[in-house]
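*Asks:* Sharing query.txt, compact mmCIF, C-alpha atoms (C1' of nucleotides):
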```txt
# COMPACT_ATOMS: atom_id res chain seq x y z
CA MET S 184 -5.97 -28.65 26.52
CA GLN S 185 -5.98 -24.98 27.49
CA ASP S 186 -2.52 -24.35 26.11
CA LYS S 187 -3.85 -24.67 22.59
CA ARG S 188 -6.81 -22.43 23.20
CA VAL S 189 -4.77 -19.58 24.59
CA GLU S 190 -2.30 -19.96 21.77
CA ASN S 191 -5.09 -20.07 19.22
CA ALA S 192 -6.68 -16.96 20.59
CA ARG S 193 -3.43 -15.08 20.28
CA GLU S 194 -2.62 -16.48 16.88
CA ARG S 195 -6.00 -15.49 15.51
CA VAL S 196 -5.44 -11.86 16.41
CA ILE S 197 -1.87 -11.85 15.13
CA GLU S 198 -3.00 -13.23 11.82
CA SER S 199 -5.77 -10.70 11.51
CA ILE S 200 -3.49 -7.80 12.32
CA SER S 201 -0.97 -9.13 9.86
CA LYS S 202 -3.54 -9.38 7.08
CA ASN S 203 -4.77 -5.86 7.59
CA MET S 204 -1.46 -4.12 7.83
CA ASP S 205 -1.43 -3.76 4.07
CA ILE S 206 -3.06 -0.41 4.74
CA TYR S 207 0.30 0.61 6.15
CA SER S 208 1.97 -0.83 3.05
CA VAL S 209 3.49 -3.50 5.20
CA THR S 210 4.03 -7.03 4.02
CA PRO S 211 2.17 -9.84 5.86
CA SER S 212 5.45 -11.20 7.21
CA VAL S 213 6.32 -7.89 8.78
CA GLY S 214 2.76 -7.64 10.00
CA ARG S 215 3.10 -10.99 11.72
CA LEU S 216 6.31 -9.80 13.29
CA TYR S 217 4.51 -6.76 14.61
CA GLY S 218 1.68 -8.88 15.97
CA ALA S 219 4.03 -11.29 17.67
CA MET S 220 5.95 -8.44 19.25
CA PHE S 221 2.73 -6.83 20.40
CA PHE S 222 1.81 -9.81 22.54
CA GLU S 223 5.25 -10.39 23.94
CA LYS S 224 5.46 -9.28 27.54
CA GLU S 225 9.14 -8.45 27.36
CA PRO S 226 11.03 -6.69 24.58
CA MET S 227 12.23 -9.18 21.99
CA THR S 228 15.60 -9.99 20.51
CA LEU S 229 16.12 -10.76 16.85
CA ASP S 230 16.84 -14.37 17.72
CA GLU S 231 13.59 -14.73 19.60
CA MET S 232 11.73 -13.31 16.62
CA LYS S 233 13.51 -15.66 14.29
CA ASP S 234 12.50 -18.65 16.42
CA LYS S 235 8.94 -17.44 16.81
CA LEU S 236 8.33 -16.76 13.12
CA GLN S 237 10.60 -19.44 11.71
CA MET S 238 12.35 -17.04 9.44
CA SER S 239 15.91 -15.94 8.87
CA LYS S 240 17.56 -13.51 11.23
CA THR S 241 18.29 -11.22 8.30
CA SER S 242 14.57 -10.93 7.61
CA MET S 243 13.94 -10.09 11.22
CA SER S 244 16.57 -7.42 11.07
CA THR S 245 15.09 -5.76 7.99
CA GLY S 246 11.56 -6.27 9.26
CA VAL S 247 12.30 -4.55 12.53
CA ARG S 248 14.00 -1.74 10.66
CA THR S 249 10.85 -1.27 8.58
CA LEU S 250 8.69 -1.10 11.69
CA ILE S 251 11.03 1.36 13.37
CA ASP S 252 10.96 3.58 10.29
CA LEU S 253 7.17 3.49 10.48
CA ASN S 254 7.34 4.58 14.11
CA MET S 255 5.61 1.42 15.19
CA VAL S 256 8.42 -0.16 17.17
CA ASP S 257 11.05 1.13 19.58
CA LYS S 258 14.53 -0.09 20.31
CA VAL S 259 14.85 -0.67 24.04
CA TRP S 260 17.90 -0.29 26.24
CA ARG S 261 18.53 -2.68 29.06
CA LYS S 262 21.80 -2.79 30.92
CA GLY S 263 23.75 -6.00 30.84
CA GLU S 264 22.02 -7.13 27.67
CA ARG S 265 24.21 -7.60 24.65
CA LYS S 266 21.45 -8.17 22.14
CA ASP S 267 19.30 -5.41 20.77
CA LEU S 268 15.81 -5.37 22.21
CA TYR S 269 12.64 -4.20 20.53
CA GLU S 270 9.06 -3.60 21.56
CA VAL S 271 5.98 -2.21 19.85
CA LYS S 272 5.03 1.33 20.73
CA SER S 273 2.21 1.08 23.18
CA ASP S 274 0.13 4.04 22.06
CA TRP S 275 -1.75 2.91 18.98
CA TYR S 276 -3.59 6.20 18.66
CA GLN S 277 -0.27 7.94 18.30
CA THR S 278 1.04 5.30 15.95
CA PHE S 279 -1.97 5.72 13.72
CA THR S 280 -1.86 9.49 13.58
CA ASP S 281 1.91 9.50 13.06
CA PHE S 282 1.68 7.21 10.10
CA PHE S 283 -1.29 8.97 8.64
CA CYS S 284 0.27 12.41 9.01
CA ILE S 285 3.72 11.58 7.73
CA HIS S 286 2.55 9.76 4.65
CA TRP S 287 -0.30 12.02 3.64
CA ARG S 288 1.70 15.13 4.32
CA LYS S 289 4.46 13.98 2.02
CA GLY S 290 2.07 13.17 -0.81
CA ILE S 291 0.06 16.34 -0.38
CA GLU S 292 3.14 18.50 -0.41
CA MET S 293 4.57 16.97 -3.55
CA ASN S 294 1.31 17.23 -5.43
CA ARG S 295 0.67 20.73 -4.21
CA ASP S 296 4.11 21.89 -5.30
CA ALA S 297 3.67 20.32 -8.71
CA CYS S 298 0.31 22.03 -9.10
CA LYS S 299 1.63 25.41 -8.02
CA GLU S 300 4.57 25.23 -10.36
CA SER S 301 2.41 24.16 -13.28
CA ILE S 302 -0.21 26.79 -12.57
CA ALA S 303 2.45 29.46 -12.69
CA GLU S 304 3.73 28.06 -15.95
CA LEU S 305 0.28 28.04 -17.50
CA MET S 306 -0.43 31.59 -16.38
CA GLU S 307 2.73 32.66 -18.11
CA VAL S 308 1.55 31.03 -21.28
CA LEU S 309 -1.84 32.67 -20.99
CA ASP S 310 -0.23 36.06 -20.68
CA GLU S 311 2.06 35.66 -23.64
CA ASP S 312 0.38 33.55 -26.18
CA PHE S 313 -2.78 34.48 -27.99
CA SER S 314 -3.51 31.42 -30.08
CA THR S 315 -7.04 30.62 -29.02
CA GLU S 316 -6.70 26.89 -29.14
CA GLU S 317 -3.62 26.97 -26.98
CA LYS S 318 -5.29 29.27 -24.51
CA MET S 319 -8.34 27.11 -24.11
CA MET S 320 -6.17 24.11 -23.44
CA ALA S 321 -4.14 25.98 -20.86
CA GLU S 322 -7.23 27.36 -19.21
CA ALA S 323 -8.88 23.97 -18.93
CA ASP S 324 -5.79 22.50 -17.32
CA LEU S 325 -5.54 25.47 -15.04
CA ASP S 326 -9.05 24.87 -13.78
CA LYS S 327 -8.30 21.26 -13.03
CA MET S 328 -5.15 22.14 -11.17
CA SER S 329 -6.88 24.82 -9.14
CA TYR S 330 -9.48 22.31 -8.10
CA ALA S 331 -6.75 19.86 -7.13
CA LEU S 332 -4.99 22.55 -5.17
CA GLY S 333 -8.12 23.34 -3.21
CA TYR S 334 -8.52 19.69 -2.40
CA TYR S 335 -4.94 19.41 -1.21
CA GLU S 336 -5.40 22.42 1.06
CA TRP S 337 -8.40 20.74 2.60
CA LEU S 338 -6.55 17.46 3.04
CA ASN S 339 -3.71 19.33 4.65
CA LYS S 340 -6.10 20.71 7.23
CA VAL S 341 -7.38 17.23 7.89
CA VAL S 342 -3.83 16.15 8.59
CA ASP S 343 -3.47 19.16 10.90
CA LEU S 344 -6.52 17.97 12.77
CA PHE S 345 -4.82 14.68 13.55
CA GLU S 346 -1.35 16.04 14.11
CA SER S 347 -2.57 18.66 16.58
CA ARG S 348 -4.56 15.96 18.36
CA ARG S 349 -7.70 18.07 18.07
CA ILE S 350 -9.22 14.95 16.52
CA PHE S 351 -9.49 13.63 20.08
CA ASP S 352 -11.81 16.53 20.93
CA VAL S 353 -14.00 15.55 18.02
CA ILE S 354 -13.81 11.80 18.62
CA ASP S 355 -13.11 10.86 22.20
CA LYS S 356 -10.71 8.04 22.85
CA GLU S 357 -12.38 4.96 24.17
CA ASP S 358 -11.75 4.40 27.85
CA GLU S 359 -8.57 2.51 28.03
CA LEU S 360 -9.28 -0.73 29.80
CA ARG S 361 -5.80 -1.90 30.54
CA MET V 113 7.24 26.99 -28.05
CA GLN V 114 4.13 27.13 -25.88
CA ASP V 115 3.01 23.65 -26.85
CA LYS V 116 5.82 22.16 -24.85
CA ARG V 117 5.21 24.33 -21.82
CA VAL V 118 1.54 23.45 -21.57
CA GLU V 119 2.35 19.80 -22.07
CA ASN V 120 5.11 19.99 -19.47
CA ALA V 121 2.85 21.62 -16.95
CA ARG V 122 0.32 18.85 -17.33
CA GLU V 123 2.90 16.10 -17.35
CA ARG V 124 4.46 17.37 -14.14
CA VAL V 125 1.18 17.09 -12.29
CA ILE V 126 0.38 13.69 -13.76
CA GLU V 127 3.74 12.38 -12.71
CA SER V 128 3.36 13.74 -9.19
CA ILE V 129 -0.11 12.29 -8.79
CA SER V 130 1.15 8.99 -10.13
CA LYS V 131 4.04 8.87 -7.66
CA ASN V 132 1.85 9.59 -4.69
CA MET V 133 -0.94 7.20 -5.45
CA ASP V 134 0.96 4.50 -3.62
CA ILE V 135 -1.05 5.65 -0.62
CA TYR V 136 -4.02 4.12 -2.38
CA SER V 137 -1.96 0.98 -3.03
CA VAL V 138 -1.98 1.81 -6.68
CA THR V 139 0.93 1.12 -8.99
CA PRO V 140 2.59 4.11 -10.70
CA SER V 141 1.33 2.95 -14.09
CA VAL V 142 -2.24 2.95 -12.92
CA GLY V 143 -1.59 6.27 -11.23
CA ARG V 144 -0.41 7.72 -14.52
CA LEU V 145 -3.52 6.37 -16.16
CA TYR V 146 -5.60 8.13 -13.57
CA GLY V 147 -3.69 11.37 -14.04
CA ALA V 148 -4.03 11.26 -17.81
CA MET V 149 -7.74 10.59 -17.55
CA PHE V 150 -8.13 13.42 -15.07
CA PHE V 151 -6.89 16.01 -17.56
CA GLU V 152 -8.78 14.64 -20.54
CA LYS V 153 -11.74 16.85 -21.38
CA GLU V 154 -13.80 14.00 -22.81
CA PRO V 155 -14.21 10.48 -21.46
CA MET V 156 -11.52 8.18 -22.79
CA THR V 157 -11.56 4.89 -24.63
CA LEU V 158 -9.13 2.08 -23.90
CA ASP V 159 -7.44 2.71 -27.24
CA GLU V 160 -6.88 6.36 -26.44
CA MET V 161 -5.33 5.38 -23.12
CA LYS V 162 -3.12 2.84 -24.79
CA ASP V 163 -1.86 5.46 -27.25
CA LYS V 164 -1.39 8.05 -24.55
CA LEU V 165 0.54 5.82 -22.15
CA GLN V 166 2.23 3.63 -24.73
CA MET V 167 1.14 0.47 -23.05
CA SER V 168 -0.82 -2.60 -24.03
CA LYS V 169 -4.59 -2.47 -24.23
CA THR V 170 -4.76 -5.34 -21.78
CA SER V 171 -2.98 -3.25 -19.20
CA MET V 172 -5.38 -0.39 -19.79
CA SER V 173 -8.28 -2.74 -19.31
CA THR V 174 -7.03 -4.06 -15.99
CA GLY V 175 -5.88 -0.64 -14.91
CA VAL V 176 -9.28 0.89 -15.51
CA ARG V 177 -10.88 -2.01 -13.71
CA THR V 178 -8.67 -1.30 -10.70
CA LEU V 179 -9.65 2.36 -10.69
CA ILE V 180 -13.33 1.54 -10.99
CA ASP V 181 -13.06 -0.88 -8.08
CA LEU V 182 -11.49 1.92 -6.08
CA ASN V 183 -14.41 4.19 -6.96
CA MET V 184 -12.10 6.61 -8.67
CA VAL V 185 -13.36 6.24 -12.22
CA ASP V 186 -16.78 5.87 -13.83
CA LYS V 187 -17.85 4.12 -16.97
CA VAL V 188 -19.75 6.57 -19.14
CA TRP V 189 -22.60 5.89 -21.53
CA ARG V 190 -22.84 7.73 -24.80
CA LYS V 191 -25.24 6.71 -27.53
CA GLY V 192 -23.82 5.71 -30.86
CA GLU V 193 -20.45 4.90 -29.32
CA ARG V 194 -19.31 1.30 -29.55
CA LYS V 195 -16.28 1.63 -27.34
CA ASP V 196 -16.48 1.83 -23.59
CA LEU V 197 -15.81 5.28 -22.22
CA TYR V 198 -14.30 6.18 -18.87
CA GLU V 199 -13.76 9.34 -16.88
CA VAL V 200 -12.43 10.10 -13.43
CA LYS V 201 -14.96 10.89 -10.75
CA SER V 202 -14.99 14.62 -10.39
CA ASP V 203 -15.51 14.88 -6.65
CA TRP V 204 -12.14 14.20 -5.06
CA TYR V 205 -13.45 14.80 -1.56
CA GLN V 206 -15.90 11.98 -2.09
CA THR V 207 -13.27 9.79 -3.69
CA PHE V 208 -10.99 10.28 -0.72
CA THR V 209 -13.59 9.56 1.92
CA ASP V 210 -14.91 6.56 -0.01
CA PHE V 211 -11.50 5.01 -0.21
CA PHE V 212 -10.65 5.77 3.34
CA CYS V 213 -13.92 4.45 4.67
CA ILE V 214 -14.08 1.26 2.65
CA HIS V 215 -10.55 0.18 3.36
CA TRP V 216 -10.34 1.12 7.00
CA ARG V 217 -13.75 -0.25 7.74
CA LYS V 218 -12.80 -3.61 6.30
CA GLY V 219 -9.59 -3.81 8.32
CA ILE V 220 -11.18 -2.57 11.49
CA GLU V 221 -14.00 -5.04 11.26
CA MET V 222 -11.77 -8.03 10.69
CA ASN V 223 -9.48 -7.14 13.56
CA ARG V 224 -12.34 -6.32 15.85
CA ASP V 225 -14.02 -9.63 15.14
CA ALA V 226 -10.80 -11.52 15.73
CA CYS V 227 -10.31 -9.71 19.04
CA LYS V 228 -13.86 -10.35 20.19
CA GLU V 229 -13.68 -14.01 19.36
CA SER V 230 -10.36 -14.43 21.08
CA ILE V 231 -11.45 -12.48 24.14
CA ALA V 232 -14.42 -14.80 24.52
CA GLU V 233 -12.13 -17.79 24.17
CA LEU V 234 -9.74 -16.48 26.81
CA MET V 235 -12.56 -15.70 29.23
CA GLU V 236 -13.71 -19.28 28.90
CA VAL V 237 -10.24 -20.46 29.76
CA LEU V 238 -10.08 -18.12 32.74
CA ASP V 239 -13.35 -19.53 34.06
CA GLU V 240 -12.36 -23.14 33.71
CA ASP V 241 -8.71 -23.44 34.26
CA PHE V 242 -6.95 -22.71 37.52
CA SER V 243 -3.31 -23.23 36.66
CA THR V 244 -1.83 -19.91 37.68
CA GLU V 245 0.70 -19.72 34.92
CA GLU V 246 -1.94 -20.32 32.29
CA LYS V 247 -4.20 -17.75 33.82
CA MET V 248 -1.61 -15.04 33.90
CA MET V 249 -0.84 -15.64 30.26
CA ALA V 250 -4.48 -15.49 29.33
CA GLU V 251 -5.04 -12.38 31.38
CA ALA V 252 -2.11 -10.56 29.84
CA ASP V 253 -3.34 -11.34 26.34
CA LEU V 254 -6.83 -10.33 27.31
CA ASP V 255 -5.60 -6.92 28.38
CA LYS V 256 -3.81 -6.39 25.11
CA MET V 257 -6.85 -7.41 23.12
CA SER V 258 -9.12 -5.15 25.14
CA TYR V 259 -6.83 -2.25 24.42
CA ALA V 260 -6.85 -3.11 20.72
CA LEU V 261 -10.62 -3.34 20.77
CA GLY V 262 -10.92 0.12 22.30
CA TYR V 263 -8.64 1.48 19.62
CA TYR V 264 -10.68 -0.13 16.87
CA GLU V 265 -13.87 1.34 18.28
CA TRP V 266 -12.29 4.76 18.18
CA LEU V 267 -11.06 4.26 14.66
CA ASN V 268 -14.51 3.16 13.64
CA LYS V 269 -15.90 6.43 14.90
CA VAL V 270 -13.30 8.29 12.90
CA VAL V 271 -14.49 6.46 9.82
CA ASP V 272 -18.06 7.41 10.76
CA LEU V 273 -16.97 11.02 10.89
CA PHE V 274 -15.88 10.86 7.28
CA GLU V 275 -18.64 8.64 6.00
CA SER V 276 -21.36 10.83 7.50
CA ARG V 277 -19.63 13.87 5.99
CA ARG V 278 -19.56 15.52 9.40
CA ILE V 279 -15.86 15.97 8.71
CA PHE V 280 -16.87 18.84 6.45
CA ASP V 281 -18.36 20.62 9.45
CA VAL V 282 -15.05 20.26 11.24
CA ILE V 283 -12.87 21.10 8.25
CA ASP V 284 -14.58 23.24 5.66
CA LYS V 285 -14.03 22.42 2.04
CA GLU V 286 -11.92 24.96 0.27
CA ASP V 287 -13.94 27.17 -2.04
CA GLU V 288 -14.09 25.33 -5.27
CA LEU V 289 -12.54 27.54 -7.86
CA ARG V 290 -13.64 25.83 -11.00
C1' DC O 45 45.14 -8.85 23.01
C1' DA O 46 42.54 -12.87 20.96
C1' DG O 47 38.08 -14.75 20.90
C1' DT O 48 33.13 -14.62 20.82
C1' DA O 49 28.49 -12.69 20.02
C1' DC O 50 25.88 -9.79 17.52
C1' DA O 51 23.70 -6.99 13.66
C1' DT O 52 23.66 -6.07 9.01
C1' DA O 53 25.58 -5.47 3.98
C1' DC O 54 25.51 -7.92 0.07
C1' DA O 55 24.64 -11.31 -3.53
C1' DG O 56 21.87 -14.67 -5.12
C1' DA O 57 17.47 -17.60 -5.03
C1' DA O 58 12.60 -17.83 -4.69
C1' DA O 59 8.21 -15.77 -4.99
C1' DA O 60 5.07 -12.32 -6.44
C1' DA O 61 3.50 -8.74 -9.32
C1' DA O 62 3.23 -6.18 -13.54
C1' DC O 63 2.96 -6.31 -18.22
C1' DT O 64 2.29 -8.24 -23.02
C1' DG O 65 0.35 -10.86 -27.05
C1' DT O 66 -2.80 -14.08 -28.50
C1' DA O 67 -7.19 -16.08 -28.52
C1' DC O 68 -11.84 -15.95 -27.89
C1' DA O 69 -16.56 -14.46 -26.63
C1' DA O 70 -19.98 -10.90 -26.80
C1' DA O 71 -21.97 -7.13 -29.12
C1' DC O 72 -22.57 -4.68 -32.92
C1' DT O 73 -23.11 -3.88 -38.38
C1' DA O 74 -24.57 -4.64 -42.88
C1' DT A 23 -26.57 -14.46 -41.35
C1' DA A 24 -21.53 -13.62 -41.90
C1' DG A 25 -18.19 -10.32 -40.83
C1' DT A 26 -16.31 -6.69 -37.73
C1' DT A 27 -15.14 -4.48 -33.62
C1' DT A 28 -14.29 -4.42 -28.82
C1' DG A 29 -13.13 -6.04 -24.10
C1' DT A 30 -10.97 -9.38 -21.39
C1' DA A 31 -9.28 -14.32 -19.94
C1' DC A 32 -5.29 -16.62 -19.99
C1' DA A 33 -0.52 -18.11 -20.52
C1' DG A 34 3.97 -16.71 -20.79
C1' DT A 35 7.65 -13.14 -20.02
C1' DT A 36 9.82 -9.53 -17.66
C1' DT A 37 10.46 -6.87 -13.67
C1' DT A 38 10.22 -6.18 -8.81
C1' DT A 39 10.06 -7.67 -4.21
C1' DT A 40 10.89 -10.74 -0.55
C1' DC A 41 13.63 -13.88 1.64
C1' DT A 42 17.92 -16.50 2.70
C1' DG A 43 22.93 -17.67 3.64
C1' DT A 44 27.40 -16.07 3.80
C1' DA A 45 30.64 -12.68 4.91
C1' DT A 46 32.13 -8.72 7.38
C1' DG A 47 32.55 -5.10 10.80
C1' DT A 48 31.73 -3.72 15.50
C1' DA A 49 31.34 -4.26 20.21
C1' DC A 50 31.74 -6.76 23.95
C1' DT A 51 34.48 -10.64 27.18
C1' DG A 52 38.14 -12.64 29.48
```
Could you rewrite the structure in this file as structure tokens?

*Replies:*
Amino acid sequence: MQDKRVENARERVIESISKNMDIYSVTPSVGRLYGAMFFEKEPMTLDEMKDKLQMSKTSMSTGVRTLIDLNMVDKVWRKGERKDLYEVKSDWYQTFTDFFCIHWRKGIEMNRDACKESIAELMEVLDEDFSTEEKMMAEADLDKMSYALGYYEWLNKVVDLFESRRIFDVIDKEDELR
Amino acid sequence: MQDKRVENARERVIESISKNMDIYSVTPSVGRLYGAMFFEKEPMTLDEMKDKLQMSKTSMSTGVRTLIDLNMVDKVWRKGERKDLYEVKSDWYQTFTDFFCIHWRKGIEMNRDACKESIAELMEVLDEDFSTEEKMMAEADLDKMSYALGYYEWLNKVVDLFESRRIFDVIDKEDELR
DNA sequence: CAGTACATACAGAAAAAACTGTACAAACTA
DNA sequence: TAGTTTGTACAGTTTTTTCTGTATGTACTG
């Protein structure tokens, strides 16, 4: 019974992808949706997804929205088709770097801003106040924040490396076999 | 009132760190714990954490466990001290690469294995079965899986780049100011 | 224009996760 | 040894998230 074997093979990969999408903060259900869509030859409608995954259409709708927000899925236009069509973005390298860059950049920026603001505040205190105990406290915190700041600058450059695609000079893409 | 300003400065950074630790799949509470511990000059006890964060000791216990599992915090030994002491690992560059490597490696490996197994299964089918429809299906899936496999190999090399610390040749660490 | 097909907003149900207090075991103290 | 202190297992509670069904608005069709 070949049918079963082909189906099994596909299902195994879908399940694995689904399990490991937690790194993208994506729920297993949405991961399964992504996996299913990945293997579909043609762009899918919400109803097809619903049938495939045995879930409500509402869930498919929100799931797809999540994947679109993550830049992992595209809405597709096809004339004469009333239903919305969706397909997974075909360039996984791009998908990876996009996700990585957007999320890290956001976090880095927030933390960096907080550090900068607090460092300024502490410097003010150091200038004005001469209570030794207070000063030592402020200085210790200042050191920690400076260290953090340095780390965030570094991380920012790492993100630049991916965003600028220079990472592909450092690590060559595998030959695409398709 | 300098007291407040110093405290504010610290609190701002803790809160920011806490918010952005979702990238490490860490809950804001645990993130706050990490932030508080980061600024503490001396290693902390569970009771100190509990007082600081106004939460139950049980939560501190599980929170610290989480952070230790993530390689972000160390248990510290100090003679004559009955309570367990904890401090955050001081090398954030290492912490980052550790996390990145461990988590991505796990995901990559699982997906790669699933792909390999399924590719083998599909090749078997292609050898045996001559129904054209079946074959086309199997071949299409095989292509997708090969592409995925190539991507995982690439990603694996990226992880190598970090794990081997060669990343620091590509992106220099910021001068540590502390 | 009415009628149908579609996506999604919204409210509620179900499931999962976070958090707490109590109880208990292990390690220490006297 | 008996008596503390400390960390955590566990059960129950609260909060959050995920999922569903119904209802509604919009865009097509004839």

*Asks:* Could you give me, as a PyMOL selection string, the residues within 8 Å of segment 55-66 of chain O, counting only C-alpha atoms (C1' of nucleotides) and dropping anything in the same chain fewer than 6 positions from it?

*Replies:* (chain V and resi 168+170-171) or (chain A and resi 35-42)

*Asks:* Compile the contact shell of segment 140-153 of chain V as a PyMOL selection string: residues with an atom at most 9 Å away, counting all atoms listed in the file, same-chain residues fewer than 4 positions apart removed.

*Replies:* (chain S and resi 323-324+327) or (chain V and resi 122-123+125-134+161+164-165+171-172+175-176+178-179+184-185+198-202)

*Asks:* Counting only C-alpha atoms (C1' of nucleotides), which residues of chain A sit at most 8 Å from some atom of chain V, and what is each one's closest atom pair with its distance in Å to one decimal, listed by chain and rising residue number, as a tab-separated table?

*Replies:*
```
residue	atom	partner	partner_atom	distance
A:DT28	C1'	V:Lys195	CA	6.5
A:DG29	C1'	V:Ser173	CA	7.6
A:DT30	C1'	V:Thr170	CA	7.4
```

*Asks:* Please measure the separation of atom C1' of DT27 of chain A and atom CA of Glu193 of chain V, giving the value in Å to one decimal.

*Replies:* 11.6 Å

*Asks:* Counting all atoms listed in the file, which of O:DC68, O:DT73, O:DC45, O:DA53 gets nearest to chain V?

*Replies:*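 Using all atoms listed in the file, chain V sits closest to O:DT73.
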
*Asks:* For atom CA of Glu357 of chain S and atom CA of Trp266 of chain V, determine how far apart the two atoms are, in Å to one decimal place.

*Replies:*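 The value is 6.0 Å.
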
*Asks:* Determine which residues of chain O sit within 9 Å of chain S, taking into account all atoms listed in the file, and present them as a VMD selection string.

*Replies:* chain O and resid 49 to 52
